[in-house]
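S.K.: Got structure14.txt for you, compact mmCIF, C-alpha atoms:
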# COMPACT_ATOMS: atom_id res chain seq x y z
CA MET X 130 35.81 92.04 31.36
CA GLU X 131 36.35 88.95 33.51
CA LEU X 132 37.36 85.57 32.13
CA THR X 133 35.54 82.49 33.37
CA PHE X 134 36.53 78.84 33.45
CA ALA X 135 33.35 77.21 34.75
CA SER X 136 34.83 73.72 35.03
CA ASN X 137 31.54 72.13 35.98
CA ARG X 138 30.01 72.97 32.57
CA LEU X 139 33.00 72.28 30.32
CA SER X 140 33.29 69.05 28.37
CA ARG X 141 36.14 66.76 29.35
CA SER X 142 38.17 67.85 26.31
CA HIS X 143 37.64 71.50 27.14
CA GLN X 144 38.55 70.85 30.79
CA ARG X 145 41.84 69.44 29.54
CA VAL X 146 42.44 72.58 27.49
CA ALA X 147 41.51 74.80 30.43
CA ASP X 148 43.87 73.07 32.85
CA TYR X 149 46.69 73.12 30.28
CA ILE X 150 46.24 76.86 29.81
CA ILE X 151 46.21 77.44 33.56
CA LYS X 152 49.43 75.51 34.03
CA ASN X 153 51.17 77.05 31.02
CA ILE X 154 49.71 80.55 31.00
CA GLU X 155 53.09 82.25 30.57
CA GLY X 156 53.69 80.42 27.31
CA ILE X 157 50.24 80.93 25.79
CA PRO X 158 51.09 84.30 24.14
CA PHE X 159 53.72 82.50 22.05
CA MET X 160 51.50 79.57 20.96
CA VAL X 161 49.12 78.88 18.12
CA GLU X 162 46.07 76.63 18.36
CA GLU X 163 47.99 73.72 16.82
CA ASP X 164 50.50 73.87 19.70
CA ILE X 165 47.75 73.77 22.33
CA ALA X 166 45.89 70.97 20.55
CA ALA X 167 49.06 68.85 20.35
CA ALA X 168 49.89 69.42 24.02
CA CYS X 169 46.34 68.55 25.12
CA LYS X 170 45.96 65.67 22.64
CA VAL X 171 42.73 67.09 21.26
CA SER X 172 41.76 68.35 17.82
CA VAL X 173 42.44 71.89 16.65
CA SER X 174 38.68 72.35 16.22
CA THR X 175 38.21 71.48 19.91
CA VAL X 176 40.64 74.23 20.85
CA SER X 177 38.91 76.66 18.47
CA ARG X 178 35.53 75.97 20.09
CA PHE X 179 37.00 76.38 23.55
CA TRP X 180 37.38 80.16 23.35
CA ALA X 181 33.63 80.71 23.18
CA GLU X 182 33.28 78.78 26.45
CA ILE X 183 35.40 81.42 28.21
CA GLU X 184 33.70 84.34 26.45
CA CYS X 185 36.44 85.03 23.91
CA ARG X 186 36.08 85.22 20.14
CA ASN X 187 39.36 83.45 19.44
CA LEU X 188 42.90 82.77 20.67
CA LYS X 189 43.99 86.25 19.65
CA GLU X 190 41.45 87.84 21.98
CA PHE X 191 42.46 85.49 24.79
CA LYS X 192 46.11 86.47 24.34
CA HIS X 193 45.07 90.10 24.57
CA ARG X 194 43.32 89.42 27.86
CA VAL X 195 46.36 87.61 29.20
CA LYS X 196 48.41 90.69 28.46
CA GLU X 197 45.86 93.21 29.71
CA GLU X 198 44.84 91.39 32.88
CA GLY X 199 48.31 90.18 33.92
CA LEU X 200 47.04 86.72 34.75
CA VAL X 201 50.34 85.39 36.07
CA SER X 202 51.08 88.22 38.50
CA PRO X 203 50.54 87.44 42.21
CA SER X 204 49.88 91.12 42.80
CA ARG X 205 47.14 90.99 40.15
CA LYS X 206 45.44 88.15 42.03
CA LEU X 207 45.53 90.16 45.22
CA GLN X 208 44.23 93.20 43.39
CA SER X 209 41.31 91.12 42.09
CA ALA X 210 40.34 90.38 45.70
CA PHE X 211 40.52 94.07 46.57
CA ASP X 212 38.44 94.95 43.52
CA ARG X 213 35.77 92.38 44.34
CA MET X 214 35.49 93.63 47.91
CA GLU X 215 35.03 97.17 46.63
CA GLU X 216 32.37 95.98 44.18
CA GLN X 217 30.52 94.01 46.84
CA GLY X 218 30.50 96.98 49.19
CA SER X 219 30.44 94.99 52.44
CA ALA X 220 32.28 92.20 54.21
CA SER X 221 29.10 90.11 54.49
CA ALA X 222 28.51 90.28 50.73
CA GLN X 223 32.13 89.28 50.13
CA MET X 224 31.68 86.26 52.40
CA MET X 225 28.56 85.21 50.52
CA ASP X 226 30.54 85.38 47.29
CA THR X 227 32.42 82.24 48.33
CA THR X 228 29.20 80.20 48.24
CA ALA X 229 29.76 79.78 44.49
CA TYR X 230 32.92 77.81 45.26
CA LEU X 231 31.03 75.65 47.75
CA GLN X 232 28.33 74.96 45.17
CA GLN X 233 30.87 74.01 42.49
CA THR X 234 32.62 71.69 44.95
CA ALA X 235 29.35 70.05 46.00
CA ASP X 236 28.24 69.63 42.38
CA ARG X 237 31.42 67.74 41.50
CA LEU X 238 31.53 65.57 44.63
CA GLU X 239 30.83 61.92 43.87
CA GLN X 240 29.53 60.04 46.91
CA ASP X 241 31.22 56.75 46.08
CA VAL X 242 34.59 58.48 45.65
CA PHE X 243 34.09 60.35 48.94
CA ASP X 244 33.18 57.09 50.69
CA ARG X 245 36.38 55.46 49.42
CA ALA X 246 38.41 58.32 50.88
CA VAL X 247 36.71 57.81 54.25
CA GLN X 248 37.36 54.06 54.07
CA PHE X 249 41.05 54.61 53.32
CA LEU X 250 41.44 56.89 56.33
CA VAL X 251 39.56 54.59 58.71
CA GLU X 252 41.46 51.47 57.64
CA ALA X 253 44.92 53.08 57.49
CA GLY X 254 47.64 51.97 59.87
CA THR X 255 49.02 55.51 59.70
CA VAL X 256 47.72 58.58 57.88
CA HIS X 257 50.47 60.67 56.26
CA ILE X 258 49.56 64.27 55.35
CA TYR X 259 51.28 66.56 52.85
CA GLY X 260 50.03 70.14 52.72
CA PRO X 261 52.53 72.67 51.35
CA GLY X 262 52.04 76.42 51.10
CA SER X 263 48.53 77.67 51.80
CA ALA X 264 47.40 74.09 52.45
CA ARG X 265 49.45 73.88 55.66
CA ALA X 266 46.48 75.07 57.70
CA LEU X 267 44.32 72.32 56.20
CA ALA X 268 46.99 69.71 56.93
CA SER X 269 47.24 70.91 60.55
CA LEU X 270 43.48 70.73 61.01
CA LEU X 271 43.30 67.20 59.60
CA GLU X 272 46.17 66.08 61.81
CA PHE X 273 44.57 67.59 64.91
CA ARG X 274 41.13 66.05 64.34
CA LEU X 275 42.28 62.58 63.32
CA THR X 276 44.72 62.41 66.25
CA ARG X 277 41.88 63.24 68.62
CA PHE X 278 39.88 60.37 67.11
CA GLY X 279 42.77 58.03 67.94
CA ASN X 280 44.21 57.65 64.45
CA GLN X 281 47.96 57.45 63.95
CA VAL X 282 49.02 60.52 61.97
CA ARG X 283 52.31 61.80 60.56
CA THR X 284 52.88 65.04 58.70
CA ILE X 285 55.22 64.97 55.72
CA ASP X 286 58.03 67.51 55.41
CA TYR X 287 57.60 69.96 52.58
CA GLY X 288 60.75 69.46 50.53
CA GLY X 289 64.40 68.58 50.22
CA HIS X 290 66.03 65.65 51.99
CA GLU X 291 63.52 65.95 54.85
CA LEU X 292 60.78 65.02 52.40
CA LEU X 293 62.66 61.87 51.41
CA GLU X 294 63.13 60.95 55.07
CA SER X 295 59.35 61.00 55.43
CA PHE X 296 59.12 58.28 52.78
CA ILE X 297 60.73 55.63 54.98
CA HIS X 298 57.83 55.81 57.43
CA MET X 299 55.26 54.82 54.80
CA GLN X 300 54.06 51.23 55.03
CA ALA X 301 51.66 49.10 53.02
CA GLY X 302 48.11 49.80 54.12
CA ASP X 303 48.82 53.38 55.17
CA ALA X 304 46.94 56.31 53.66
CA VAL X 305 48.56 59.43 52.22
CA VAL X 306 46.54 62.66 51.97
CA LEU X 307 47.99 65.20 49.55
CA PHE X 308 46.81 68.73 48.89
CA GLY X 309 47.73 69.57 45.28
CA PHE X 310 46.61 72.98 44.15
CA VAL X 311 47.38 74.85 40.88
CA SER X 312 49.82 72.31 39.42
CA GLU X 313 51.71 69.09 40.06
CA SER X 314 54.98 69.89 41.80
CA PRO X 315 58.02 67.58 41.72
CA GLU X 316 57.38 66.84 45.39
CA LEU X 317 53.79 65.76 44.71
CA ALA X 318 54.90 63.63 41.77
CA SER X 319 57.52 61.91 43.94
CA LEU X 320 55.05 61.31 46.77
CA LEU X 321 52.43 59.79 44.49
CA ASP X 322 55.04 57.58 42.87
CA TYR X 323 56.58 56.31 46.10
CA ALA X 324 53.24 55.86 47.87
CA ARG X 325 52.15 53.50 45.11
CA GLU X 326 55.47 51.64 45.35
CA ALA X 327 55.07 51.30 49.12
CA GLY X 328 51.49 50.00 48.85
CA CYS X 329 49.84 53.07 50.37
CA ARG X 330 46.44 54.40 49.39
CA THR X 331 46.49 58.00 48.19
CA ILE X 332 43.84 60.71 48.57
CA LEU X 333 44.42 63.84 46.49
CA VAL X 334 42.54 67.07 47.26
CA THR X 335 42.91 69.36 44.24
CA ASP X 336 41.41 72.34 42.45
CA LEU X 337 42.28 70.88 39.03
CA ALA X 338 39.44 69.30 37.09
CA VAL X 339 41.91 67.60 34.77
CA SER X 340 45.51 66.79 35.68
CA ASP X 341 47.91 63.89 35.32
CA MET X 342 48.21 63.61 39.08
CA ARG X 343 44.49 62.88 39.41
CA GLY X 344 45.09 59.63 37.56
CA LYS X 345 48.03 58.77 39.81
CA ALA X 346 45.97 59.03 43.02
CA ASP X 347 43.62 56.28 44.22
CA VAL X 348 41.03 58.94 45.09
CA ALA X 349 40.83 62.53 43.84
CA LEU X 350 38.51 65.03 45.53
CA TYR X 351 37.87 68.26 43.62
CA THR X 352 37.41 71.59 45.36
CA ALA X 353 36.87 74.99 43.74
CA ARG X 354 39.12 77.88 44.78
CA GLY X 355 38.55 80.47 42.07
CA GLU X 356 40.07 81.15 38.69
CA VAL X 357 43.78 81.35 37.96
CA TRP X 358 43.74 85.16 37.88
CA GLU X 359 41.80 85.45 41.14
CA PHE X 360 42.83 85.42 44.79
CA HIS X 361 42.40 81.75 45.68
CA SER X 362 39.86 81.06 48.40
CA MET X 363 40.33 78.25 50.92
CA ALA X 364 36.68 78.28 52.00
CA ALA X 365 35.52 75.31 49.92
CA PRO X 366 38.62 73.16 50.66
CA LEU X 367 38.02 73.76 54.37
CA VAL X 368 34.36 72.73 54.19
CA LEU X 369 35.22 69.65 52.14
CA LEU X 370 37.89 68.67 54.66
CA GLU X 371 35.59 69.16 57.64
CA THR X 372 32.94 67.02 55.94
CA LEU X 373 35.56 64.32 55.43
CA ILE X 374 36.66 64.55 59.07
CA VAL X 375 33.10 64.18 60.39
CA ALA X 376 32.52 61.18 58.12
CA VAL X 377 35.69 59.51 59.42
CA GLY X 378 34.61 60.14 63.00
CA LYS X 379 31.17 58.68 62.28
CA SER X 380 32.72 55.57 60.71
CA GLN X 381 34.71 54.91 63.89
CA GLU X 382 32.12 56.39 66.20
CA GLN X 383 32.75 54.25 69.28
CA GLN X 384 36.49 54.94 69.28
CA ALA X 385 35.98 58.63 68.60
CA MET X 386 33.41 58.98 71.40
CA GLN X 387 35.58 57.10 73.88
CA ARG X 388 38.51 59.39 73.14
CA SER X 389 36.27 62.44 73.50
CA GLU X 390 34.92 61.26 76.85
CA GLU X 391 38.43 60.54 78.12
CA LEU X 392 39.54 64.02 77.08
CA HIS X 393 36.58 65.48 78.97
CA ARG X 394 37.51 63.47 82.06
CA LEU X 395 41.11 64.68 81.90
CA ARG X 396 39.99 68.27 81.58
CA GLN X 397 37.80 67.88 84.64
CA GLN X 398 40.59 66.23 86.63
CA TYR X 399 43.60 68.27 85.63
CA GLY X 400 42.32 71.30 83.74
CA LYS X 401 42.16 73.60 86.76
CA TRP X 402 45.89 73.13 87.38
CA LEU X 403 46.92 73.98 83.84
CA PRO X 404 47.52 77.53 82.59
CA LYS X 405 44.72 78.99 80.53
CA GLN X 406 45.32 79.01 76.79
CA ILE X 407 45.16 82.36 75.04
Please express the file's structure as structure tokens.

M.R.:
Amino acid sequence: MELTFASNRLSRSHQRVADYIIKNIEGIPFMVEEDIAAACKVSVSTVSRFWAEIECRNLKEFKHRVKEEGLVSPSRKLQSAFDRMEEQGSASAQMMDTTAYLQQTADRLEQDVFDRAVQFLVEAGTVHIYGPGSARALASLLEFRLTRFGNQVRTIDYGGHELLESFIHMQAGDAVVLFGFVSESPELASLLDYAREAGCRTILVTDLAVSDMRGKADVALYTARGEVWEFHSMAAPLVLLETLIVAVGKSQEQQAMQRSEELHRLRQQYGKWLPKQI
């Protein structure tokens, strides 16, 4: 039996409980409802009602599922992807399965928040991008597209002293785009803290409906990637990012078109002398 955290239909209090459980899943088998309620700053009755939302009778049954389904095992997440593909029976059906993530992302997207993110990117002196782990591909795409539009872009190193060296390039009026999936890492916490100190505007792209780091960012854009025990899809984050990129290009249309035309001219003039890309 599959567990379900349908964040778009949970109350705010239950979203808080859900995100706490996701981030602390290894400790849940050793907790009682009073512990979870205290950590989430909600009532014990709120926690008690939560289990029905995820199709469990009570905390005891949830603990049993944690044990049986091995929710914290990376191999279990990969196995869930294999199982779903076998159930679907075809690659095309598996691809269509990701439309649920797109729908959840679209349902939670607030136009005014999205517009603020676009404004921050258009007005930024420099756009700094932090995309660790699986988000590196998203960070590379954003860097590539914005650079082609003529925006100044810097990627932020992923950790250690190199991360701190990236801080010194942040200036007031810059924008910082951060991809924060699953939980708030020390690196993300440091970036959000220093960006505020430096006077930068921050745009957080996250799969957490409720998290402390959402409150630290100037703009938080939610994207669905699947449940904690599932293989996390990057389909919805990619579509959200491409929508953001197109909106930025539209907002600075003349500059973007001029850059595109110049690139076309250069290809016509010099392209025949350059080696073909594979």

S.K.: Considering all atoms listed in the file, return as number ranges by chain whatever protein or nucleic-acid residues lie within 6 Å of stretch 294-308 of chain X, sequence-local ones (same chain, fewer than 5 positions apart) excluded.

M.R.: X: 253-260, 285, 327-334

S.K.: Give me, as a list in words, all polymer residues having an atom no more than 8 Å from X:Ala364, counting only C-alpha atoms and skipping those fewer than 3 positions away in the same chain.

M.R.: Thr227, Tyr230, Leu231, Arg354, Leu367 and Val368 of chain X

S.K.: What is the atom CA of X:Thr335-atom CA of X:Gly355 distance in Å, reported with one decimal?

M.R.: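 Here the two named atoms are 12.1 Å from each other.
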
S.K.: Between atom CA of X:Ala353 and atom CA of X:Pro366, what is the distance, to one decimal in Å?

M.R.: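 Interatomic distance, atom CA of X:Ala353 to atom CA of X:Pro366: 7.4 Å.
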
S.K.: Atom CA of X:Asp336 and atom CA of X:Val176, how far apart in Å?

M.R.: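 The value is 21.7 Å.
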
S.K.: Using all atoms listed in the file for the distances, tell me which of X:Leu392, X:Leu270, X:Leu293, X:Leu321 is nearest to X:Asp341.

M.R.: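 Residue with the minimum atom-to-atom distance to X:Asp341: X:Leu321.
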
S.K.: Using only C-alpha atoms, which residues sit within 12 Å of X:Thr372 once same-chain residues fewer than 2 positions away are excluded, as a PyMOL selection string?

M.R.: chain X and resi 234-235+238+240+243-244+246-247+271+274+350+365-370+374-379

S.K.: Let me make sure I understand: among X:Arg265, X:Arg145, X:Arg283, X:Lys192, which one has the smallest atom-to-atom distance to X:Gly309 if we use all atoms listed in the file?

M.R.: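 Using all atoms listed in the file, the shortest distance to X:Gly309 belongs to X:Arg265.
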
S.K.: Pick the closest to X:Phe278 from X:Leu337, X:Met386, X:Val171, X:Ala266: which is it, counting all atoms listed in the file?

M.R.: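 Going through X:Leu337, X:Met386, X:Val171, X:Ala266 one by one, the smallest distance to X:Phe278 is for X:Met386.
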